[in-house]
$ cat query36.cif   # mmCIF, C-alpha atoms
data_input
loop_
_atom_site.label_atom_id
_atom_site.label_comp_id
_atom_site.auth_asym_id
_atom_site.auth_seq_id
_atom_site.Cartn_x
_atom_site.Cartn_y
_atom_site.Cartn_z
CA MET A 8 20.06 -8.09 -24.97
CA ASN A 9 17.28 -10.53 -25.80
CA ARG A 10 13.97 -8.97 -26.62
CA PRO A 11 11.43 -9.50 -23.82
CA THR A 12 8.47 -11.58 -24.87
CA ARG A 13 5.33 -9.51 -25.21
CA ARG A 14 2.94 -10.90 -22.61
CA ARG A 15 -0.82 -10.92 -23.00
CA LEU A 16 -2.78 -8.98 -20.42
CA THR A 17 -4.81 -11.28 -18.21
CA ALA A 18 -8.48 -10.62 -17.59
CA ALA A 19 -7.89 -10.79 -13.86
CA ALA A 20 -5.33 -8.03 -14.07
CA MET A 21 -7.89 -5.68 -15.55
CA THR A 22 -9.83 -5.85 -12.29
CA VAL A 23 -7.58 -3.83 -10.02
CA VAL A 24 -7.85 -3.76 -6.23
CA ALA A 25 -6.56 -0.57 -4.60
CA LEU A 26 -3.96 -1.56 -2.03
CA THR A 27 -2.78 1.79 -0.74
CA ALA A 28 -2.47 1.94 3.03
CA GLY A 29 -2.32 5.69 3.43
CA THR A 30 -4.23 8.60 1.97
CA THR A 31 -3.36 9.86 -1.50
CA ALA A 32 -3.67 13.24 -3.09
CA CYS A 33 -5.96 13.95 -6.02
CA SER A 34 -4.53 13.35 -9.45
CA SER A 35 -2.95 16.26 -11.29
CA GLY A 36 -3.09 14.31 -14.54
CA ASP A 37 -5.84 14.86 -17.05
CA ASP A 38 -6.91 12.19 -19.54
CA THR A 39 -4.35 9.50 -20.22
CA PRO A 40 -1.58 11.11 -22.28
CA SER A 41 0.17 9.33 -25.08
CA ALA A 42 2.99 7.54 -23.33
CA LYS A 43 4.99 7.20 -26.53
CA ALA A 44 6.61 10.54 -27.23
CA ALA A 45 6.62 11.68 -30.83
CA ASP A 46 10.12 13.09 -30.27
CA GLY A 47 12.67 10.28 -30.08
CA GLY A 48 14.65 12.44 -27.65
CA SER A 49 11.83 12.36 -25.08
CA TYR A 50 11.21 9.74 -22.41
CA THR A 51 8.00 9.44 -20.42
CA ILE A 52 7.71 8.92 -16.68
CA TRP A 53 4.49 8.26 -14.80
CA ASP A 54 4.48 8.59 -11.02
CA PRO A 55 1.98 8.60 -8.10
CA TYR A 56 3.09 11.96 -6.70
CA PRO A 57 0.57 14.57 -7.90
CA GLN A 58 1.39 16.59 -4.80
CA PHE A 59 4.69 17.55 -6.43
CA ALA A 60 4.25 20.33 -8.99
CA LYS A 61 6.43 21.08 -11.99
CA ASP A 62 8.68 23.36 -9.93
CA SER A 63 9.15 20.82 -7.10
CA ASP A 64 12.48 19.22 -6.19
CA TRP A 65 11.09 15.88 -7.40
CA ALA A 66 10.24 17.24 -10.85
CA LYS A 67 13.62 18.95 -11.04
CA LEU A 68 15.34 15.67 -10.18
CA LEU A 69 13.55 13.93 -13.04
CA ASP A 70 14.59 16.66 -15.45
CA SER A 71 18.17 16.49 -14.18
CA CYS A 72 18.33 12.74 -14.70
CA GLY A 73 16.94 13.24 -18.19
CA SER A 74 19.61 15.83 -18.99
CA LYS A 75 22.35 13.47 -17.78
CA ALA A 76 20.94 10.75 -20.04
CA GLY A 77 20.70 13.21 -22.95
CA VAL A 78 16.92 13.15 -23.23
CA LYS A 79 13.92 15.29 -22.31
CA ILE A 80 11.55 14.03 -19.63
CA LYS A 81 7.79 14.11 -20.09
CA ARG A 82 6.26 13.45 -16.68
CA THR A 83 2.65 12.76 -15.74
CA ALA A 84 1.49 12.36 -12.12
CA PHE A 85 -1.60 10.38 -11.12
CA ASP A 86 -3.42 9.38 -7.98
CA THR A 87 -2.18 5.89 -7.02
CA SER A 88 -5.28 3.89 -7.97
CA ASP A 89 -5.78 5.94 -11.13
CA LEU A 90 -2.17 5.28 -12.12
CA THR A 91 -2.66 1.52 -11.92
CA ASN A 92 -5.71 1.62 -14.19
CA LYS A 93 -3.98 3.92 -16.67
CA ALA A 94 -0.88 1.70 -16.70
CA LEU A 95 -2.92 -1.42 -17.44
CA LEU A 96 -4.77 0.35 -20.24
CA ALA A 97 -1.53 1.71 -21.72
CA ALA A 98 0.00 -1.79 -21.65
CA GLN A 99 -3.04 -3.19 -23.45
CA GLN A 100 -2.59 -0.53 -26.15
CA ASP A 101 1.21 -1.01 -26.41
CA ASN A 102 1.56 2.58 -25.24
CA SER A 103 3.32 2.27 -21.89
CA PRO A 104 5.59 4.96 -20.42
CA ASP A 105 9.32 4.33 -20.33
CA VAL A 106 9.45 4.53 -16.53
CA LEU A 107 6.56 3.64 -14.24
CA ILE A 108 6.69 4.30 -10.48
CA LEU A 109 4.18 2.08 -8.69
CA ASP A 110 2.87 1.41 -5.20
CA ASN A 111 4.69 -1.79 -4.29
CA PRO A 112 1.68 -4.15 -3.89
CA VAL A 113 0.58 -3.29 -7.44
CA VAL A 114 3.84 -4.48 -9.01
CA SER A 115 2.68 -8.11 -8.98
CA THR A 116 -0.60 -7.12 -10.67
CA LEU A 117 1.16 -5.47 -13.60
CA ALA A 118 3.80 -8.19 -13.70
CA GLU A 119 1.14 -10.89 -14.01
CA ALA A 120 -0.50 -8.79 -16.70
CA GLY A 121 2.71 -8.92 -18.73
CA ALA A 122 3.12 -5.16 -18.56
CA LEU A 123 6.57 -5.05 -16.91
CA THR A 124 10.03 -6.22 -17.85
CA THR A 125 12.16 -8.12 -15.36
CA THR A 126 15.48 -6.81 -14.11
CA ASP A 127 17.15 -9.68 -15.99
CA GLU A 128 15.66 -8.24 -19.17
CA ASN A 129 16.20 -4.54 -18.53
CA LYS A 130 19.56 -4.99 -16.71
CA VAL A 131 18.63 -2.59 -13.89
CA ASP A 132 20.99 -3.03 -10.92
CA THR A 133 19.17 -3.97 -7.71
CA SER A 134 22.21 -5.24 -5.78
CA LYS A 135 22.18 -2.46 -3.17
CA ALA A 136 18.50 -2.74 -2.25
CA ASP A 137 17.63 -4.50 1.01
CA PRO A 138 16.37 -8.00 0.14
CA ASN A 139 13.24 -7.74 2.32
CA LEU A 140 12.18 -4.57 0.48
CA LEU A 141 13.10 -5.92 -2.94
CA ALA A 142 10.91 -8.98 -2.29
CA ALA A 143 7.77 -6.84 -2.63
CA GLY A 144 8.55 -6.55 -6.35
CA GLN A 145 9.31 -10.21 -6.94
CA ALA A 146 7.13 -13.02 -8.26
CA ASP A 147 7.97 -16.54 -9.41
CA GLY A 148 11.66 -15.92 -8.84
CA LYS A 149 11.75 -12.80 -11.01
CA THR A 150 12.27 -9.17 -10.00
CA TYR A 151 10.22 -6.42 -11.63
CA GLY A 152 11.84 -3.20 -10.45
CA THR A 153 13.66 -1.60 -7.58
CA PRO A 154 12.28 0.22 -4.49
CA ILE A 155 12.66 3.96 -4.38
CA GLY A 156 11.87 4.13 -0.67
CA ALA A 157 9.79 2.53 2.04
CA ASN A 158 7.53 3.40 4.90
CA THR A 159 6.09 1.11 7.50
CA LEU A 160 4.38 0.97 10.88
CA ALA A 161 5.65 1.33 14.43
CA LEU A 162 4.30 2.41 17.82
CA TYR A 163 4.40 6.08 18.67
CA TYR A 164 4.30 6.66 22.42
CA ASN A 165 3.54 9.64 24.63
CA LYS A 166 6.36 9.99 27.15
CA ASP A 167 4.29 12.08 29.56
CA VAL A 168 1.46 9.53 29.73
CA LEU A 169 3.89 6.66 30.32
CA LYS A 170 5.77 8.59 32.99
CA ALA A 171 2.55 9.39 34.85
CA ALA A 172 1.62 5.69 34.74
CA GLY A 173 5.04 4.58 35.95
CA VAL A 174 5.89 2.75 32.73
CA ASP A 175 9.51 2.46 31.63
CA ILE A 176 9.44 2.17 27.83
CA ALA A 177 12.58 0.00 28.02
CA SER A 178 10.45 -2.66 29.72
CA VAL A 179 8.19 -3.01 26.66
CA LYS A 180 9.79 -5.83 24.73
CA ASP A 181 6.98 -8.25 23.81
CA TRP A 182 3.19 -8.62 23.92
CA LYS A 183 3.08 -9.52 27.61
CA SER A 184 5.07 -6.48 28.70
CA LEU A 185 3.15 -4.19 26.32
CA THR A 186 -0.17 -5.40 27.72
CA ALA A 187 1.15 -4.88 31.25
CA ALA A 188 2.06 -1.30 30.31
CA LEU A 189 -1.45 -0.71 28.96
CA ALA A 190 -2.93 -1.98 32.23
CA LYS A 191 -0.82 0.52 34.19
CA VAL A 192 -1.86 3.34 31.88
CA LYS A 193 -5.55 2.55 32.31
CA LYS A 194 -5.15 2.33 36.08
CA ALA A 195 -3.55 5.79 36.02
CA GLY A 196 -6.66 7.18 34.34
CA LYS A 197 -5.27 7.51 30.83
CA LYS A 198 -5.98 5.68 27.57
CA GLY A 199 -3.93 2.79 26.25
CA VAL A 200 -3.45 2.26 22.53
CA THR A 201 -5.22 3.31 19.37
CA PHE A 202 -4.94 1.85 15.89
CA SER A 203 -6.93 1.33 12.70
CA ALA A 204 -9.01 -1.84 12.35
CA ILE A 205 -11.36 -0.48 9.68
CA GLY A 206 -12.80 -2.92 7.14
CA THR A 207 -10.47 -1.96 4.30
CA GLU A 208 -6.86 -2.57 3.30
CA GLU A 209 -5.87 -0.10 6.03
CA GLY A 210 -7.23 -2.51 8.62
CA SER A 211 -5.23 -5.43 7.23
CA PHE A 212 -2.15 -3.21 6.93
CA GLN A 213 -2.32 -2.33 10.62
CA PHE A 214 -3.09 -5.87 11.77
CA LEU A 215 -0.23 -7.49 9.85
CA PRO A 216 2.58 -6.58 12.31
CA TRP A 217 0.70 -8.43 15.04
CA PHE A 218 -0.27 -11.29 12.74
CA TRP A 219 3.28 -11.74 11.46
CA GLY A 220 4.67 -10.97 14.91
CA SER A 221 2.85 -14.05 16.19
CA GLY A 222 4.65 -16.21 13.64
CA ALA A 223 1.55 -16.63 11.46
CA GLN A 224 1.59 -16.85 7.66
CA LEU A 225 -0.96 -15.38 5.24
CA THR A 226 -1.42 -18.79 3.65
CA GLU A 227 -2.93 -20.08 6.91
CA LEU A 228 -5.09 -17.38 8.43
CA ASP A 229 -6.61 -19.63 11.09
CA SER A 230 -3.37 -20.96 12.56
CA SER A 231 -3.00 -20.88 16.35
CA GLN A 232 -0.51 -18.04 15.94
CA GLY A 233 -2.94 -15.99 13.87
CA VAL A 234 -5.69 -16.59 16.40
CA SER A 235 -3.38 -15.39 19.18
CA ALA A 236 -2.79 -12.12 17.33
CA LEU A 237 -6.48 -11.41 16.83
CA SER A 238 -7.16 -12.46 20.42
CA LEU A 239 -4.61 -9.89 21.57
CA TRP A 240 -6.50 -7.05 19.88
CA ASN A 241 -9.83 -8.49 21.01
CA ASP A 242 -8.71 -8.65 24.63
CA TRP A 243 -7.44 -5.08 24.50
CA LEU A 244 -10.90 -3.89 23.52
CA LYS A 245 -12.63 -6.01 26.15
CA LYS A 246 -10.36 -4.68 28.90
CA GLY A 247 -10.63 -1.08 27.75
CA TYR A 248 -6.98 -0.83 26.76
CA ALA A 249 -8.05 0.16 23.23
CA PRO A 250 -11.19 2.11 22.28
CA ASN A 251 -14.12 0.63 20.38
CA SER A 252 -13.56 3.39 17.80
CA VAL A 253 -10.69 1.36 16.31
CA ILE A 254 -13.30 -0.66 14.39
CA ASN A 255 -14.04 2.40 12.27
CA ASN A 256 -10.72 4.20 12.60
CA THR A 257 -8.66 5.02 9.56
CA GLN A 258 -5.00 5.66 10.16
CA THR A 259 -5.80 9.37 10.04
CA THR A 260 -8.56 9.28 12.67
CA SER A 261 -6.47 6.96 14.82
CA TRP A 262 -3.68 9.52 14.71
CA GLN A 263 -6.09 12.27 15.69
CA GLU A 264 -6.96 10.27 18.82
CA PHE A 265 -3.30 9.96 19.73
CA ALA A 266 -2.68 13.64 19.02
CA SER A 267 -5.24 14.49 21.72
CA GLY A 268 -2.52 13.66 24.24
CA ASP A 269 -4.60 11.12 26.17
CA TYR A 270 -3.19 7.91 24.68
CA ALA A 271 -0.01 6.11 25.63
CA PHE A 272 0.50 4.42 22.26
CA ALA A 273 -0.62 4.66 18.64
CA GLU A 274 0.24 2.37 15.77
CA ASN A 275 1.01 4.52 12.76
CA GLY A 276 3.55 5.23 10.07
CA THR A 277 6.50 7.35 9.07
CA TRP A 278 4.12 9.70 7.26
CA GLN A 279 2.97 11.03 10.65
CA LEU A 280 6.43 12.26 11.68
CA ALA A 281 5.71 15.87 10.76
CA ASN A 282 2.42 15.74 12.69
CA ALA A 283 4.20 14.18 15.66
CA GLU A 284 6.51 17.18 15.83
CA LYS A 285 3.45 19.43 16.00
CA ALA A 286 1.58 17.36 18.59
CA GLY A 287 2.67 19.48 21.55
CA PHE A 288 4.00 16.65 23.72
CA ASP A 289 7.19 14.64 23.93
CA TYR A 290 6.96 11.43 21.94
CA GLY A 291 9.06 8.42 21.05
CA VAL A 292 8.87 5.59 18.52
CA LEU A 293 9.12 1.86 19.21
CA PRO A 294 9.11 -0.88 16.54
CA VAL A 295 6.08 -3.14 16.97
CA PRO A 296 7.26 -5.97 19.25
CA GLY A 297 6.89 -9.61 18.31
CA ALA A 298 4.86 -11.93 20.54
CA ASP A 299 7.97 -13.23 22.29
CA GLY A 300 10.26 -10.27 21.72
CA GLY A 301 12.25 -8.78 18.89
CA ASN A 302 10.82 -6.59 16.16
CA ALA A 303 7.74 -7.84 14.35
CA ALA A 304 7.67 -7.70 10.57
CA ALA A 305 5.49 -4.75 9.61
CA PRO A 306 4.20 -4.36 6.03
CA THR A 307 6.13 -2.12 3.69
CA GLY A 308 4.60 0.83 1.93
CA GLY A 309 6.39 2.83 -0.73
CA GLU A 310 6.96 2.63 -4.44
CA PHE A 311 8.96 0.66 -7.00
CA VAL A 312 10.60 2.11 -10.07
CA THR A 313 9.73 -0.24 -12.93
CA VAL A 314 10.39 -0.54 -16.66
CA PRO A 315 7.27 -1.35 -18.70
CA VAL A 316 7.48 -3.55 -21.79
CA GLN A 317 8.30 -1.57 -24.95
CA SER A 318 7.97 -2.81 -28.53
CA ASP A 319 11.06 -0.67 -29.29
CA THR A 320 13.59 -2.49 -27.09
CA GLY A 321 16.29 0.00 -28.08
CA ARG A 322 14.80 2.43 -25.54
CA TYR A 323 15.81 0.26 -22.57
CA ALA A 324 19.45 1.40 -22.57
CA THR A 325 18.49 5.03 -21.91
CA THR A 326 15.75 3.98 -19.48
CA ARG A 327 18.38 2.11 -17.49
CA LYS A 328 20.42 5.34 -17.25
CA LEU A 329 17.36 7.16 -15.91
CA LEU A 330 16.78 4.51 -13.23
CA SER A 331 20.44 4.50 -12.24
CA CYS A 332 20.24 8.25 -11.73
CA LEU A 333 16.97 8.16 -9.77
CA THR A 334 18.23 5.43 -7.43
CA SER A 335 21.77 6.72 -6.92
CA THR A 336 22.86 7.19 -3.31
CA GLU A 337 22.78 10.99 -3.51
CA ASN A 338 19.39 11.20 -5.18
CA LEU A 339 17.78 8.54 -2.98
CA TYR A 340 18.69 10.51 0.10
CA ASP A 341 17.10 13.71 -1.23
CA THR A 342 14.03 11.93 -2.61
CA ASP A 343 13.34 9.84 0.49
CA THR A 344 13.75 12.89 2.71
CA THR A 345 11.13 14.66 0.60
CA LEU A 346 8.77 11.66 0.70
CA SER A 347 9.35 10.93 4.43
CA TYR A 348 10.53 7.48 3.40
CA VAL A 349 13.27 5.26 4.74
CA ALA A 350 15.76 4.56 1.97
CA PRO A 351 15.92 1.06 0.48
CA THR A 352 19.70 0.72 0.89
CA GLY A 353 21.83 0.44 4.01
CA GLU A 354 24.21 3.13 2.82
CA VAL A 355 21.50 5.76 2.52
CA GLN A 356 19.74 4.59 5.69
CA ASP A 357 22.96 5.24 7.62
CA LYS A 358 23.12 8.71 6.12
CA GLN A 359 19.51 9.38 7.13
CA VAL A 360 20.10 8.35 10.74
CA ALA A 361 23.28 10.40 10.91
CA SER A 362 21.28 13.42 9.79
CA ASP A 363 18.25 12.76 12.05
CA ALA A 364 18.59 10.37 15.01
CA LYS A 365 14.79 10.16 15.31
CA LEU A 366 14.79 8.01 12.18
CA LYS A 367 16.71 5.18 13.89
CA PRO A 368 13.65 3.22 15.11
CA TRP A 369 12.06 3.62 11.69
CA VAL A 370 15.13 2.23 9.97
CA GLU A 371 15.00 -0.71 12.39
CA ALA A 372 11.32 -1.23 11.60
CA VAL A 373 11.96 -1.11 7.85
CA LYS A 374 14.80 -3.61 8.16
CA ALA A 375 12.33 -6.04 9.78
CA ALA A 376 9.49 -5.17 7.39
CA LYS A 377 7.92 -7.42 4.80
CA GLY A 378 6.10 -6.89 1.53
CA ARG A 379 2.43 -7.78 1.52
CA THR A 380 2.82 -9.67 -1.75
CA SER A 381 6.05 -11.40 -0.66
CA ASP A 382 6.32 -15.18 -0.30
CA ASP A 383 5.06 -15.44 -3.89
CA LEU A 384 1.57 -14.35 -2.87
CA GLY A 385 1.46 -11.80 -5.68
CA THR A 386 -2.08 -11.21 -6.89
CA LYS A 387 -3.45 -13.67 -4.33
CA TYR A 388 -2.87 -11.06 -1.63
CA PRO A 389 -5.95 -8.85 -2.26
CA LYS A 390 -8.37 -11.74 -1.65
CA ILE A 391 -6.48 -12.85 1.46
CA SER A 392 -6.38 -9.31 2.78
CA GLU A 393 -10.11 -8.81 2.28
CA GLN A 394 -10.91 -11.91 4.31
CA LEU A 395 -8.38 -10.88 6.96
CA TRP A 396 -9.93 -7.46 7.55
CA LYS A 397 -13.40 -9.01 7.60
CA ALA A 398 -12.22 -11.43 10.30
CA VAL A 399 -10.78 -8.57 12.35
CA GLN A 400 -14.04 -6.66 12.06
CA SER A 401 -16.08 -9.71 12.99
CA ALA A 402 -14.02 -10.48 16.09
CA LEU A 403 -13.69 -6.91 17.38
CA SER A 404 -17.41 -6.26 16.92
CA GLY A 405 -18.17 -9.36 18.98
CA SER A 406 -20.07 -11.21 16.27
CA GLN A 407 -17.56 -14.09 16.19
CA SER A 408 -14.70 -15.37 18.29
CA PRO A 409 -11.19 -14.78 16.89
CA LYS A 410 -10.91 -18.50 16.08
CA ALA A 411 -14.28 -18.68 14.32
CA ALA A 412 -13.65 -15.44 12.41
CA LEU A 413 -10.27 -16.59 11.10
CA THR A 414 -11.56 -20.04 10.27
CA ALA A 415 -14.30 -18.47 8.17
CA ALA A 416 -11.70 -16.24 6.53
CA GLN A 417 -9.48 -19.18 5.63
CA ASP A 418 -12.44 -21.10 4.22
CA ALA A 419 -13.37 -18.10 2.06
CA VAL A 420 -9.84 -17.80 0.71
CA LYS A 421 -9.85 -21.48 -0.26
#
$ encode --input "query36.cif" --output "structure tokens"
Amino acid sequence: MNRPTRRRLTAAAMTVVALTAGTTACSSGDDTPSAKAADGGSYTIWDPYPQFAKDSDWAKLLDSCGSKAGVKIKRTAFDTSDLTNKALLAAQQDNSPDVLILDNPVVSTLAEAGALTTTDENKVDTSKADPNLLAAGQADGKTYGTPIGANTLALYYNKDVLKAAGVDIASVKDWKSLTAALAKVKKAGKKGVTFSAIGTEEGSFQFLPWFWGSGAQLTELDSSQGVSALSLWNDWLKKGYAPNSVINNTQTTSWQEFASGDYAFAENGTWQLANAEKAGFDYGVLPVPGADGGNAAAPTGGEFVTVPVQSDTGRYATTRKLLSCLTSTENLYDTDTTLSYVAPTGEVQDKQVASDAKLKPWVEAVKAAKGRTSDDLGTKYPKISEQLWKAVQSALSGSQSPKAALTAAQDAVK
């Protein structure tokens, strides 16, 4: 195997934008440990799962994969944003871990920094991963890891509220029919839809299914399609189909509104499934519809398993064994069940649905999903996203029309 060229860290890469869409737990890691183990029989793994302790199934899986590869695993868990900073610093010091598990939008940041090897270099097999999920870890025609699982957004709905309003969920197939359902719900004295439009990455994350569902592209924020998506949300607020609180809602507070039992719909993610079971009312899940029907592309959340650049290239062979173990069909099923993720391969997705039929709409949503850094946006995405959420805030607050807000956003990106 050819030795990967050591890439110089870019200055831009040292300024990291946190792109996580959901909440993260506090880090269980202390100061940055030495990634290079003194013992040649030890391999280091850094992950963003501090919620999983040393005796967790996740930690046991890592140890098991290490045993199968004939090495000892030294694992450190960080909060997501902290992990990115530590990984960049370790790369700068030529002290990277052997395996790095990253939030998918951050992959392009570390790839541009020269901190990650490509799958052509490390020979990791990505052939079973769904192409739309794999795209989140690709830049300039190169792939920098493989997804370990994915989450995304869909519409939860309250069956009791819809029944009282005389809405047949089967009739909701596009924006027109969804808006008609919201009108019926309001007329029946209930509340329509809640979501998060807060001025952070969460707001962009939640707006993207509607933006992409209109046919718009992130390279042209002020297209007629993009304006139609923002106009949809704007009209919902004006007509009282969505509450003004969405402007400040996080995904957590939006869920709390839905959990009150008064709302017909809520846009939220797979991570709320456990809370949905505890809500006390019968619910269903519907993929976000596109403007003219079909499933809109929702943004993917979830992590990639990556192989950082090592000066000792002889370590890659064992690292490849570790990745093969972590992403095997059997282990993906167990891991993604633990993480409330949809698996990145069709084989495991089928197994998940067979085990729990309620996952079927989520699998459908993930199959239609799209990486935020896809289409070769890479590290351009954070700036685009910031202008997008500012435009959403501006329009929903009434300070600008959807067209003017998106035009200003596009001008700022340029």
$ atom_distance --input "query36.cif" --atom1 "CA of Thr380 in chain A" --atom2 "CA of Lys149 in chain A"
13.2 Å
$ residues_near_point --input "query36.cif" --point "(0.8, -16.1, 4.8)" --cutoff "12 Å" --atoms "only C-alpha atoms" --output "count of residues only"
32
$ closest_residue --input "query36.cif" --among "A:Trp396, A:Phe212, A:Phe85, A:Tyr290" --to "Lys170 in chain A" --atoms "all atoms listed in the file"
A:Tyr290
$ closest_residue --input "query36.cif" --among "A:Ala66, A:Val113, A:Leu366, A:Leu185" --to "Ser88 in chain A" --atoms "only C-alpha atoms"
A:Val113
$ closest_residue --input "query36.cif" --among "A:Leu68, A:Ile52, A:Val314, A:Ala281" --to "Asp341 in chain A" --atoms "all atoms listed in the file"
A:Leu68
$ resolve_selection --input "query36.cif" --expression "the PyMOL selection byres ((chain A and resi 258) around 8)" --output "PyMOL selection string"
chain A and resi 29+202-203+209+256-257+259-262+275
$ resolve_selection --input "query36.cif" --expression "the PyMOL selection byres ((chain A and resi 320-332) around 10)" --output "PyMOL selection string"
chain A and resi 8-11+47+50-52+68-78+80+105-106+124+126+128-133+152-153+155+312-319+333-339
$ closest_residue --input "query36.cif" --among "A:Pro351, A:Gly48, A:Pro112, A:Pro306" --to "Gln213 in chain A" --atoms "all atoms listed in the file"
A:Pro306
$ residues_around --input "query36.cif" --residues "Ala376 in chain A" --least-positions-apart "6" --cutoff "6 Å" --atoms "all atoms listed in the file" --output "JSON, numbers by chain"
{"A": [304, 305, 306, 307]}
$ atom_distance --input "query36.cif" --atom1 "CA of Trp53 in chain A" --atom2 "CA of Phe311 in chain A"
11.8 Å
$ closest_residue --input "query36.cif" --among "A:Gly276, A:Gly173, A:Pro296, A:Pro389" --to "Tyr348 in chain A" --atoms "all atoms listed in the file"
A:Gly276
$ atom_distance --input "query36.cif" --atom1 "CA of Ser235 in chain A" --atom2 "CA of Pro409 in chain A"
8.2 Å
$ closest_residue --input "query36.cif" --among "A:Ser63, A:Gln145, A:Ser184, A:Thr352" --to "Gly297 in chain A" --atoms "only C-alpha atoms"
A:Ser184
$ residues_around --input "query36.cif" --residues "range 237-254 of chain A" --least-positions-apart "2" --cutoff "7 Å" --atoms "all atoms listed in the file" --output "PDB file with C-alpha atoms, in the frame of the given file"
ATOM      1  CA  LEU A 189      -1.450  -0.710  28.960  1.00  0.00           C
ATOM      2  CA  ALA A 190      -2.930  -1.980  32.230  1.00  0.00           C
ATOM      3  CA  LYS A 193      -5.550   2.550  32.310  1.00  0.00           C
ATOM      4  CA  LYS A 198      -5.980   5.680  27.570  1.00  0.00           C
ATOM      5  CA  GLY A 199      -3.930   2.790  26.250  1.00  0.00           C
ATOM      6  CA  VAL A 200      -3.450   2.260  22.530  1.00  0.00           C
ATOM      7  CA  THR A 201      -5.220   3.310  19.370  1.00  0.00           C
ATOM      8  CA  PHE A 202      -4.940   1.850  15.890  1.00  0.00           C
ATOM      9  CA  SER A 203      -6.930   1.330  12.700  1.00  0.00           C
ATOM     10  CA  ALA A 204      -9.010  -1.840  12.350  1.00  0.00           C
ATOM     11  CA  ILE A 205     -11.360  -0.480   9.680  1.00  0.00           C
ATOM     12  CA  GLY A 233      -2.940 -15.990  13.870  1.00  0.00           C
ATOM     13  CA  VAL A 234      -5.690 -16.590  16.400  1.00  0.00           C
ATOM     14  CA  SER A 235      -3.380 -15.390  19.180  1.00  0.00           C
ATOM     15  CA  ASN A 256     -10.720   4.200  12.600  1.00  0.00           C
ATOM     16  CA  VAL A 399     -10.780  -8.570  12.350  1.00  0.00           C
ATOM     17  CA  GLN A 400     -14.040  -6.660  12.060  1.00  0.00           C
ATOM     18  CA  ALA A 402     -14.020 -10.480  16.090  1.00  0.00           C
ATOM     19  CA  LEU A 403     -13.690  -6.910  17.380  1.00  0.00           C
ATOM     20  CA  PRO A 409     -11.190 -14.780  16.890  1.00  0.00           C
TER      21      PRO A 409
END
$ resolve_selection --input "query36.cif" --expression "the PyMOL selection byres ((chain A and resi 375) around 10)" --output "JSON, numbers by chain"
{"A": [139, 140, 159, 294, 295, 301, 302, 303, 304, 305, 306, 307, 369, 370, 371, 372, 373, 374, 376, 377]}
$ residues_around --input "query36.cif" --residues "Ala398 in chain A" --least-positions-apart "6" --cutoff "8 Å" --atoms "only C-alpha atoms" --output "list in words"
Pro409, Ala412, Leu413, Ala415 and Ala416 of chain A
